[in-house]
$ cat run.txt   # compact mmCIF, C-alpha atoms (C1' of nucleotides)
# COMPACT_ATOMS: atom_id res chain seq x y z
CA MET W 20 -16.70 102.11 -80.91
CA PRO W 21 -13.99 99.53 -80.27
CA THR W 22 -14.72 95.89 -80.87
CA PHE W 23 -15.22 93.59 -77.93
CA GLN W 24 -11.72 92.30 -78.30
CA GLU W 25 -10.13 95.71 -78.56
CA TYR W 26 -12.04 96.85 -75.55
CA THR W 27 -10.99 93.98 -73.39
CA SER W 28 -7.43 93.79 -74.63
CA ARG W 29 -6.92 97.44 -73.91
CA SER W 30 -8.61 97.35 -70.58
CA PHE W 31 -9.02 94.06 -68.83
CA GLY W 32 -5.44 93.15 -67.99
CA HIS W 33 -4.59 96.70 -67.06
CA LYS W 34 -7.62 97.15 -64.89
CA VAL W 35 -7.01 93.92 -63.03
CA ASN W 36 -3.40 94.91 -62.54
CA LYS W 37 -4.18 98.42 -61.38
CA SER W 38 -6.94 97.24 -59.09
CA ALA W 39 -4.66 94.69 -57.46
CA ARG W 40 -1.97 97.28 -56.94
CA LEU W 41 -4.19 100.02 -55.60
CA MET W 42 -6.10 97.70 -53.30
CA SER W 43 -2.83 96.43 -51.86
CA GLN W 44 -1.57 99.96 -51.52
CA ARG W 45 -4.64 101.08 -49.62
CA MET W 46 -4.57 98.03 -47.38
CA ALA W 47 -0.91 98.66 -46.57
CA GLN W 48 -1.79 102.26 -45.76
CA LEU W 49 -4.50 101.16 -43.33
CA PHE W 50 -2.19 98.66 -41.64
CA LYS W 51 0.45 101.31 -41.20
CA GLU W 52 -1.99 103.95 -39.98
CA ASN W 53 -3.21 101.52 -37.35
CA GLY W 54 0.27 100.74 -36.16
CA TYR W 55 0.67 97.28 -37.66
CA ASN W 56 4.07 96.49 -39.10
CA ILE W 57 2.60 93.82 -41.36
CA SER W 58 2.78 93.71 -45.13
CA ILE W 59 -0.13 92.88 -47.36
CA GLU W 60 1.41 89.56 -48.38
CA GLN W 61 2.00 88.63 -44.77
CA TRP W 62 -1.67 89.35 -44.21
CA ARG W 63 -2.63 87.03 -47.05
CA LEU W 64 -0.65 84.21 -45.43
CA LEU W 65 -2.07 85.03 -42.01
CA LEU W 66 -5.60 84.68 -43.39
CA TYR W 67 -4.88 81.03 -44.09
CA LEU W 68 -2.88 80.45 -40.93
CA TRP W 69 -5.67 81.79 -38.71
CA ARG W 70 -7.87 79.09 -40.15
CA GLU W 71 -5.27 76.38 -39.73
CA ASP W 72 -1.63 76.56 -38.74
CA GLY W 73 1.01 73.87 -38.62
CA VAL W 74 0.93 73.68 -42.41
CA THR W 75 3.87 73.43 -44.78
CA GLN W 76 5.32 76.27 -46.81
CA ASN W 77 4.47 74.25 -49.85
CA PHE W 78 0.82 74.25 -48.86
CA LEU W 79 0.86 78.00 -48.35
CA ALA W 80 2.49 78.45 -51.74
CA GLU W 81 -0.15 76.41 -53.50
CA THR W 82 -3.03 77.98 -51.66
CA THR W 83 -1.91 81.50 -52.42
CA SER W 84 -0.58 80.75 -55.94
CA LYS W 85 2.80 82.08 -54.88
CA ASP W 86 6.00 80.28 -55.67
CA GLU W 87 7.97 78.59 -52.92
CA PRO W 88 10.82 81.10 -52.79
CA SER W 89 8.32 83.91 -52.24
CA VAL W 90 6.65 82.10 -49.38
CA SER W 91 10.00 81.18 -47.91
CA ARG W 92 11.07 84.82 -47.81
CA ILE W 93 7.78 86.12 -46.49
CA ILE W 94 7.98 83.54 -43.71
CA ASN W 95 11.52 84.75 -43.00
CA THR W 96 10.22 88.23 -42.34
CA MET W 97 7.24 86.99 -40.37
CA GLU W 98 9.53 84.88 -38.22
CA LYS W 99 11.81 87.87 -37.67
CA ASN W 100 8.79 89.90 -36.61
CA ASN W 101 7.64 87.15 -34.29
CA LEU W 102 4.38 86.35 -36.06
CA VAL W 103 5.12 82.70 -36.84
CA ILE W 104 7.71 80.03 -36.11
CA ARG W 105 9.10 77.28 -38.30
CA ALA W 106 8.86 73.91 -36.55
CA ARG W 107 10.38 70.61 -37.61
CA HIS W 108 8.02 68.10 -39.09
CA PRO W 109 8.17 65.06 -36.79
CA HIS W 110 8.71 62.55 -39.58
CA ASP W 111 10.08 64.55 -42.50
CA ARG W 112 13.12 66.67 -41.91
CA ARG W 113 12.80 68.40 -45.25
CA THR W 114 9.59 70.02 -44.18
CA ASN W 115 8.86 73.10 -42.08
CA LEU W 116 5.55 73.39 -40.30
CA ILE W 117 4.47 76.98 -39.84
CA TYR W 118 2.84 77.83 -36.54
CA LEU W 119 1.40 81.12 -35.38
CA THR W 120 2.97 82.68 -32.32
CA GLU W 121 0.94 84.27 -29.56
CA SER W 122 1.57 87.57 -31.27
CA GLY W 123 0.49 86.20 -34.66
CA ARG W 124 -2.76 85.08 -33.12
CA ASN W 125 -3.30 88.34 -31.27
CA VAL W 126 -3.21 90.62 -34.29
CA ARG W 127 -6.03 88.69 -35.88
CA ASP W 128 -9.03 90.66 -34.68
CA GLY W 129 -7.46 94.03 -35.38
CA LEU W 130 -6.42 93.09 -38.88
CA MET W 131 -9.73 91.45 -39.69
CA ALA W 132 -11.52 94.62 -38.65
CA ILE W 133 -9.33 96.59 -41.05
CA GLY W 134 -10.05 94.02 -43.74
CA ALA W 135 -13.78 94.38 -43.23
CA ARG W 136 -13.54 98.15 -43.36
CA MET W 137 -11.38 98.01 -46.47
CA ASN W 138 -13.90 95.76 -48.09
CA ASN W 139 -16.78 98.07 -47.41
CA ASP W 140 -14.82 101.05 -48.65
CA ILE W 141 -13.68 99.65 -51.96
CA THR W 142 -16.97 98.04 -52.93
CA ASP W 143 -18.92 101.15 -52.07
CA GLY W 144 -21.49 101.74 -54.78
CA VAL W 145 -20.98 98.34 -56.36
CA ASP W 146 -24.07 96.24 -56.97
CA PRO W 147 -23.64 92.98 -55.00
CA ASP W 148 -24.88 90.92 -57.94
CA GLU W 149 -22.37 92.56 -60.23
CA LEU W 150 -19.62 91.94 -57.72
CA THR W 151 -20.59 88.29 -57.73
CA VAL W 152 -20.40 88.23 -61.51
CA CYS W 153 -17.01 89.92 -61.34
CA VAL W 154 -15.68 87.31 -58.94
CA LYS W 155 -17.07 84.57 -61.15
CA VAL W 156 -15.32 86.00 -64.20
CA LEU W 157 -12.05 86.28 -62.28
CA GLU W 158 -12.40 82.66 -61.23
CA LYS W 159 -12.80 81.59 -64.83
CA VAL W 160 -9.82 83.71 -65.89
CA LEU W 161 -7.77 82.21 -63.06
CA ASP W 162 -8.80 78.78 -64.19
CA ASN W 163 -7.76 79.54 -67.75
CA CYS W 164 -4.44 80.97 -66.59
CA ASN W 165 -3.71 77.93 -64.48
CA LYS W 166 -4.36 75.66 -67.42
CA LEU W 167 -2.20 77.76 -69.74
CA LEU W 168 0.60 77.83 -67.20
CA GLY W 169 0.35 74.08 -66.79
CA ASN W 170 -0.72 74.16 -63.13
CA MET F 30 -23.39 80.06 -46.40
CA PRO F 31 -21.09 83.03 -45.87
CA THR F 32 -22.54 86.49 -45.75
CA PHE F 33 -21.96 88.80 -48.67
CA GLN F 34 -19.24 90.56 -46.79
CA GLU F 35 -17.47 87.40 -45.72
CA TYR F 36 -17.63 86.12 -49.24
CA THR F 37 -16.14 89.17 -50.79
CA SER F 38 -13.59 89.84 -48.09
CA ARG F 39 -12.26 86.31 -48.35
CA SER F 40 -12.29 86.25 -52.09
CA PHE F 41 -12.31 89.50 -53.95
CA GLY F 42 -8.95 90.97 -53.07
CA HIS F 43 -7.23 87.64 -53.37
CA LYS F 44 -8.82 86.81 -56.67
CA VAL F 45 -7.90 90.15 -58.17
CA ASN F 46 -4.37 89.76 -56.88
CA LYS F 47 -3.98 86.21 -58.15
CA SER F 48 -5.51 87.05 -61.50
CA ALA F 49 -3.16 89.96 -61.99
CA ARG F 50 -0.18 87.85 -61.09
CA LEU F 51 -1.07 84.84 -63.21
CA MET F 52 -2.03 86.94 -66.21
CA SER F 53 1.30 88.75 -66.03
CA GLN F 54 3.11 85.48 -65.60
CA ARG F 55 1.46 83.96 -68.65
CA MET F 56 2.11 87.06 -70.72
CA ALA F 57 5.77 87.03 -69.73
CA GLN F 58 5.93 83.39 -70.71
CA LEU F 59 4.53 84.14 -74.15
CA PHE F 60 6.95 87.03 -74.68
CA LYS F 61 9.87 84.84 -73.73
CA GLU F 62 8.71 81.89 -75.85
CA ASN F 63 8.49 84.19 -78.83
CA GLY F 64 11.97 85.55 -78.29
CA TYR F 65 11.06 88.97 -76.92
CA ASN F 66 13.25 90.22 -74.09
CA ILE F 67 10.52 92.54 -72.88
CA SER F 68 8.91 92.56 -69.46
CA ILE F 69 5.21 92.83 -68.87
CA GLU F 70 5.57 96.32 -67.40
CA GLN F 71 7.62 97.46 -70.37
CA TRP F 72 4.77 96.20 -72.52
CA ARG F 73 2.28 98.25 -70.54
CA LEU F 74 4.32 101.38 -71.17
CA LEU F 75 4.78 100.48 -74.82
CA LEU F 76 1.01 100.24 -75.25
CA TYR F 77 0.78 103.93 -74.44
CA LEU F 78 3.90 104.92 -76.35
CA TRP F 79 2.69 103.25 -79.55
CA ARG F 80 -0.31 105.52 -79.40
CA GLU F 81 1.76 108.60 -78.69
CA ASP F 82 5.41 109.01 -77.87
CA GLY F 83 7.36 112.10 -76.88
CA VAL F 84 5.50 112.13 -73.56
CA THR F 85 6.92 112.75 -70.10
CA GLN F 86 7.66 110.11 -67.52
CA ASN F 87 5.20 111.86 -65.31
CA PHE F 88 2.48 111.33 -67.88
CA LEU F 89 3.33 107.66 -68.15
CA ALA F 90 3.23 107.34 -64.39
CA GLU F 91 -0.20 108.90 -64.15
CA THR F 92 -1.62 106.94 -67.04
CA THR F 93 -0.46 103.64 -65.69
CA SER F 94 -1.04 104.46 -62.01
CA LYS F 95 2.59 103.69 -61.31
CA ASP F 96 4.75 105.93 -59.20
CA GLU F 97 7.50 108.00 -60.76
CA PRO F 98 10.41 105.95 -59.47
CA SER F 99 8.90 102.82 -61.00
CA VAL F 100 8.50 104.46 -64.39
CA SER F 101 11.97 105.93 -64.16
CA ARG F 102 13.50 102.52 -63.60
CA ILE F 103 11.46 100.76 -66.24
CA ILE F 104 12.53 103.42 -68.72
CA ASN F 105 16.14 102.83 -67.64
CA THR F 106 15.85 99.21 -68.69
CA MET F 107 13.98 100.03 -71.88
CA GLU F 108 16.65 102.55 -72.79
CA LYS F 109 19.36 99.99 -72.09
CA ASN F 110 17.52 97.53 -74.35
CA ASN F 111 17.20 100.14 -77.06
CA LEU F 112 13.40 100.37 -77.04
CA VAL F 113 13.13 104.07 -76.16
CA ILE F 114 15.31 107.12 -75.72
CA ARG F 115 15.07 109.98 -73.26
CA ALA F 116 15.15 113.31 -75.05
CA ARG F 117 15.48 116.77 -73.57
CA HIS F 118 12.35 118.85 -73.48
CA PRO F 119 13.10 121.95 -75.56
CA HIS F 120 11.87 124.42 -72.97
CA ASP F 121 11.97 122.54 -69.67
CA ARG F 122 15.22 120.99 -68.66
CA ARG F 123 13.65 119.09 -65.78
CA THR F 124 11.63 117.02 -68.16
CA ASN F 125 12.47 113.95 -70.20
CA LEU F 126 10.46 113.19 -73.30
CA ILE F 127 10.28 109.50 -74.05
CA TYR F 128 10.52 108.53 -77.70
CA LEU F 129 10.32 105.10 -79.25
CA THR F 130 13.35 103.91 -81.15
CA GLU F 131 13.12 102.13 -84.48
CA SER F 132 13.35 98.90 -82.54
CA GLY F 133 10.64 99.98 -80.10
CA ARG F 134 8.35 100.64 -83.03
CA ASN F 135 9.22 97.41 -84.77
CA VAL F 136 8.24 95.07 -81.96
CA ARG F 137 4.75 96.48 -81.97
CA ASP F 138 2.99 94.10 -84.33
CA GLY F 139 4.55 91.02 -82.83
CA LEU F 140 3.69 91.98 -79.29
CA MET F 141 0.18 93.07 -80.19
CA ALA F 142 -0.43 89.69 -81.80
CA ILE F 143 0.67 88.01 -78.60
CA GLY F 144 -1.60 90.34 -76.65
CA ALA F 145 -4.56 89.42 -78.80
CA ARG F 146 -3.85 85.73 -78.45
CA MET F 147 -3.43 86.09 -74.69
CA ASN F 148 -6.71 87.87 -74.51
CA ASN F 149 -8.57 85.16 -76.36
CA ASP F 150 -6.98 82.48 -74.25
CA ILE F 151 -7.72 83.88 -70.84
CA THR F 152 -11.28 84.94 -71.55
CA ASP F 153 -12.12 81.61 -73.11
CA GLY F 154 -15.53 80.52 -71.89
CA VAL F 155 -16.34 83.90 -70.37
CA ASP F 156 -19.65 85.48 -71.33
CA PRO F 157 -18.88 88.84 -73.00
CA ASP F 158 -21.62 90.57 -71.05
CA GLU F 159 -20.24 89.25 -67.80
CA LEU F 160 -16.77 90.38 -68.77
CA THR F 161 -18.18 93.83 -69.35
CA VAL F 162 -19.77 93.77 -65.92
CA CYS F 163 -16.46 92.63 -64.43
CA VAL F 164 -14.60 95.52 -66.06
CA LYS F 165 -17.26 97.92 -64.84
CA VAL F 166 -16.93 96.66 -61.27
CA LEU F 167 -13.14 96.95 -61.46
CA GLU F 168 -13.50 100.51 -62.68
CA LYS F 169 -15.68 101.37 -59.72
CA VAL F 170 -13.26 99.70 -57.33
CA LEU F 171 -10.39 101.60 -58.94
CA ASP F 172 -12.33 104.78 -58.56
CA ASN F 173 -12.95 104.06 -54.87
CA CYS F 174 -9.30 103.21 -54.32
CA ASN F 175 -8.15 106.40 -55.96
CA LYS F 176 -10.44 108.42 -53.73
CA LEU F 177 -9.30 106.59 -50.62
CA LEU F 178 -5.67 107.06 -51.56
CA GLY F 179 -6.28 110.74 -52.20
CA ASN F 180 -5.51 110.63 -55.92
C1' DC J 30 20.37 47.58 -50.67
C1' DA J 31 22.36 51.27 -53.63
C1' DA J 32 21.53 54.47 -57.30
C1' DA J 33 18.14 57.46 -59.24
C1' DA J 34 14.17 60.33 -58.93
C1' DA J 35 11.15 63.19 -56.48
C1' DT J 36 10.16 66.51 -52.79
C1' DA J 37 10.68 70.66 -49.65
C1' DC J 38 13.03 74.35 -49.14
C1' DT J 39 16.79 78.05 -49.83
C1' DT J 40 19.72 81.21 -52.45
C1' DG J 41 20.97 84.11 -56.34
C1' DC J 42 19.72 87.06 -60.04
C1' DC J 43 16.51 90.11 -62.31
C1' DT J 44 12.21 92.79 -62.27
C1' DA J 45 8.70 95.69 -60.07
C1' DT J 46 6.35 98.60 -56.24
C1' DG J 47 5.91 102.01 -52.52
C1' DC J 48 7.76 105.53 -49.72
C1' DA J 49 10.98 109.01 -48.30
C1' DA J 50 14.68 111.92 -49.24
C1' DC J 51 17.19 114.47 -52.52
C1' DA J 52 18.67 117.35 -56.74
C1' DA J 53 17.74 120.31 -60.46
C1' DA J 54 15.00 123.41 -62.74
C1' DA J 55 10.91 126.24 -63.38
C1' DA J 56 7.22 129.09 -61.62
C1' DG J 57 5.27 132.13 -58.35
C1' DC J 58 5.60 135.93 -55.48
C1' DA J 59 7.16 139.80 -52.70
C1' DT O 25 15.15 140.99 -58.79
C1' DG O 26 15.85 137.34 -55.40
C1' DC O 27 13.65 134.01 -52.33
C1' DT O 28 10.27 130.43 -51.79
C1' DT O 29 7.37 126.90 -53.58
C1' DT O 30 6.27 123.59 -56.98
C1' DT O 31 7.36 120.34 -60.41
C1' DT O 32 10.11 116.54 -62.56
C1' DG O 33 12.91 113.17 -62.02
C1' DT O 34 16.51 110.09 -59.49
C1' DT O 35 18.37 107.28 -55.66
C1' DG O 36 18.10 104.50 -51.38
C1' DC O 37 15.75 101.22 -48.64
C1' DA O 38 12.28 97.71 -47.87
C1' DT O 39 8.84 94.31 -49.76
C1' DA O 40 7.49 90.96 -53.25
C1' DG O 41 7.49 87.84 -57.62
C1' DG O 42 9.45 84.57 -61.16
C1' DC O 43 12.88 81.49 -62.63
C1' DA O 44 16.97 78.63 -62.33
C1' DA O 45 20.20 76.31 -59.65
C1' DG O 46 21.63 74.20 -55.41
C1' DT O 47 21.02 71.42 -50.81
C1' DA O 48 19.11 68.14 -47.88
C1' DT O 49 16.11 64.49 -47.25
C1' DT O 50 12.84 61.04 -48.54
C1' DT O 51 10.89 57.85 -51.83
C1' DT O 52 11.18 54.93 -55.73
C1' DT O 53 13.14 51.48 -58.35
C1' DG O 54 16.26 48.22 -60.45

$ encode --input "run.txt" --output "structure tokens"
Amino acid sequence: MPTFQEYTSRSFGHKVNKSARLMSQRMAQLFKENGYNISIEQWRLLLYLWREDGVTQNFLAETTSKDEPSVSRIINTMEKNNLVIRARHPHDRRTNLIYLTESGRNVRDGLMAIGARMNNDITDGVDPDELTVCVKVLEKVLDNCNKLLGN
Amino acid sequence: MPTFQEYTSRSFGHKVNKSARLMSQRMAQLFKENGYNISIEQWRLLLYLWREDGVTQNFLAETTSKDEPSVSRIINTMEKNNLVIRARHPHDRRTNLIYLTESGRNVRDGLMAIGARMNNDITDGVDPDELTVCVKVLEKVLDNCNKLLGN
DNA sequence: CAAAAATACTTGCCTATGCAACAAAAAGCA
DNA sequence: TGCTTTTTGTTGCATAGGCAAGTATTTTTG
């Protein structure tokens, strides 16, 4: 019987990592199957933009815990695929404001439906209370990571 | 108050993804600070190799849920950095057997110590029972993902 | 006001992931 | 035996992440 520490050190990081990868992989598969040429990271940005667009890349980076170069490049692709546009900030020429295009708004319902289905599928057989505990633990871990990384 | 589904769909995937990223980031930081030129994914492979080397790339891919090209390329870098060598399988010339080098064996204690420290740090303030529940939920989610992906 | 510091973003370099296509070798089968 | 299928691994192409360095612009400050 491994100690608590052995157990978690062998398993926790790996399981979080694997879960993240496989969930993304499945989500990407569903997007593709349904004819959406949208990556999982684009979807994560869209989730925020559907709530509120006209935000800065910086804001998106902070909200998603991505770094600015990553967001910049994802926005590049999204702009190329006509999902968003970069607009000049009226008073600050350093800043881009990211707005959804018609097309970016239109894919919302379809993608959300896939998200809901995905969610049902992957949490099948999971006790809701335990899922809540899991999310709570992840929040604490995130909090610890942010402190350790100096964020 | 969001429904259970809204709650989890907005949070679970993202939290798992962020956690995985920030944990890896912190781990990479610790490796670098301590003078190890070893990536987080190399470390994940090493964890298996320290237990048993002379295994195939295929085995490493399955064990870590990576695809074969990923493992192949990580091994390329590890070979370049003198952590492992590819050896011919005596009876199957398709197959590479991956063996640790002296150097690959020697970094073990140092890296494991960092791993242990990392583990303490990120689970600071987390109830052990809740961590166990979290791991259990992740295992179920992994299981569901594997089924959905046809693995 | 002019120089210095901070901010928002981009680019370059390295790593990793997924998928598809390909090569080499082994195994199965007719 | 010889042909087909399967297995093992590599390469190409696209996406993404982290970090460091560079650019443009705004804010601070002396």

$ closest_residue --input "run.txt" --among "W:Gln76, W:Ser84, W:Asn101, W:Asn36" --to "chain J" --atoms "all atoms listed in the file"
W:Gln76

$ interface_residues --input "run.txt" --of "chain J" --to "chain W" --cutoff "10 Å" --atoms "all atoms listed in the file" --output "PyMOL selection string"
chain J and resi 36-40+46-47

$ residues_around --input "run.txt" --residues "Glu158 in chain W" --least-positions-apart "3" --cutoff "12 Å" --atoms "only C-alpha atoms (C1' of nucleotides)" --output "PyMOL selection string"
(chain W and resi 151-155+161-165) or (chain F and resi 40-41+43-49+51+151-155+160+163)

$ atom_distance --input "run.txt" --atom1 "CA of Val84 in chain F" --atom2 "C1' of DT44 in chain J"
23.4 Å

$ atom_distance --input "run.txt" --atom1 "C1' of DC27 in chain O" --atom2 "C1' of DA54 in chain J"
14.9 Å

$ residues_near_point --input "run.txt" --point "(18.1, 78.9, -64.4)" --cutoff "12 Å" --atoms "only C-alpha atoms (C1' of nucleotides)" --output "NGL selection string"
(:J and (41-43)) or (:O and (42-46))

$ atom_distance --input "run.txt" --atom1 "CA of Thr96 in chain W" --atom2 "CA of Ile59 in chain W"
12.4 Å

$ interface_residues --input "run.txt" --of "chain O" --to "chain W" --cutoff "7 Å" --atoms "all atoms listed in the file" --output "list in words"
DG41, DA48 and DT49 of chain O

$ closest_residue --input "run.txt" --among "W:Leu68, W:Leu79, W:Met46, W:Ile57" --to "chain F" --atoms "all atoms listed in the file"
W:Met46

$ residues_near_point --input "run.txt" --point "(1.7, 74.8, -37.4)" --cutoff "7 Å" --atoms "all atoms listed in the file" --output "list of chain:residue names"
W:Asp72, W:Gly73, W:Val74, W:Leu116, W:Ile117, W:Tyr118, W:Leu119

$ closest_residue --input "run.txt" --among "F:Glu108, F:Ile114, F:Arg137, F:Tyr77" --to "chain W" --atoms "only C-alpha atoms"
F:Tyr77

$ closest_residue --input "run.txt" --among "W:Arg45, W:Tyr55, W:Asn125, W:Ala80" --to "chain F" --atoms "only C-alpha atoms"
W:Arg45

$ residues_around --input "run.txt" --residues "range 140-145 of chain F" --least-positions-apart "2" --cutoff "9 Å" --atoms "only C-alpha atoms (C1' of nucleotides)" --output "PDB file with C-alpha atoms, keeping the file's coordinate frame"
ATOM      1  CA  GLN W  24     -11.720  92.300 -78.300  1.00  0.00           C
ATOM      2  CA  GLU W  25     -10.130  95.710 -78.560  1.00  0.00           C
ATOM      3  CA  SER W  28      -7.430  93.790 -74.630  1.00  0.00           C
TER       4      SER W  28
ATOM      5  CA  MET F  56       2.110  87.060 -70.720  1.00  0.00           C
ATOM      6  CA  LEU F  59       4.530  84.140 -74.150  1.00  0.00           C
ATOM      7  CA  PHE F  60       6.950  87.030 -74.680  1.00  0.00           C
ATOM      8  CA  ASN F  63       8.490  84.190 -78.830  1.00  0.00           C
ATOM      9  CA  TYR F  65      11.060  88.970 -76.920  1.00  0.00           C
ATOM     10  CA  TRP F  72       4.770  96.200 -72.520  1.00  0.00           C
ATOM     11  CA  LEU F  76       1.010 100.240 -75.250  1.00  0.00           C
ATOM     12  CA  VAL F 136       8.240  95.070 -81.960  1.00  0.00           C
ATOM     13  CA  ARG F 137       4.750  96.480 -81.970  1.00  0.00           C
ATOM     14  CA  ASP F 138       2.990  94.100 -84.330  1.00  0.00           C
ATOM     15  CA  MET F 147      -3.430  86.090 -74.690  1.00  0.00           C
ATOM     16  CA  ASN F 148      -6.710  87.870 -74.510  1.00  0.00           C
ATOM     17  CA  ASN F 149      -8.570  85.160 -76.360  1.00  0.00           C
ATOM     18  CA  ASP F 150      -6.980  82.480 -74.250  1.00  0.00           C
TER      19      ASP F 150
END

$ closest_residue --input "run.txt" --among "W:Arg63, W:Lys99, W:His108, W:Arg124" --to "chain F" --atoms "only C-alpha atoms"
W:Arg63

$ closest_residue --input "run.txt" --among "W:Val160, W:Leu64, W:Arg105, W:Arg136" --to "chain F" --atoms "all atoms listed in the file"
W:Val160
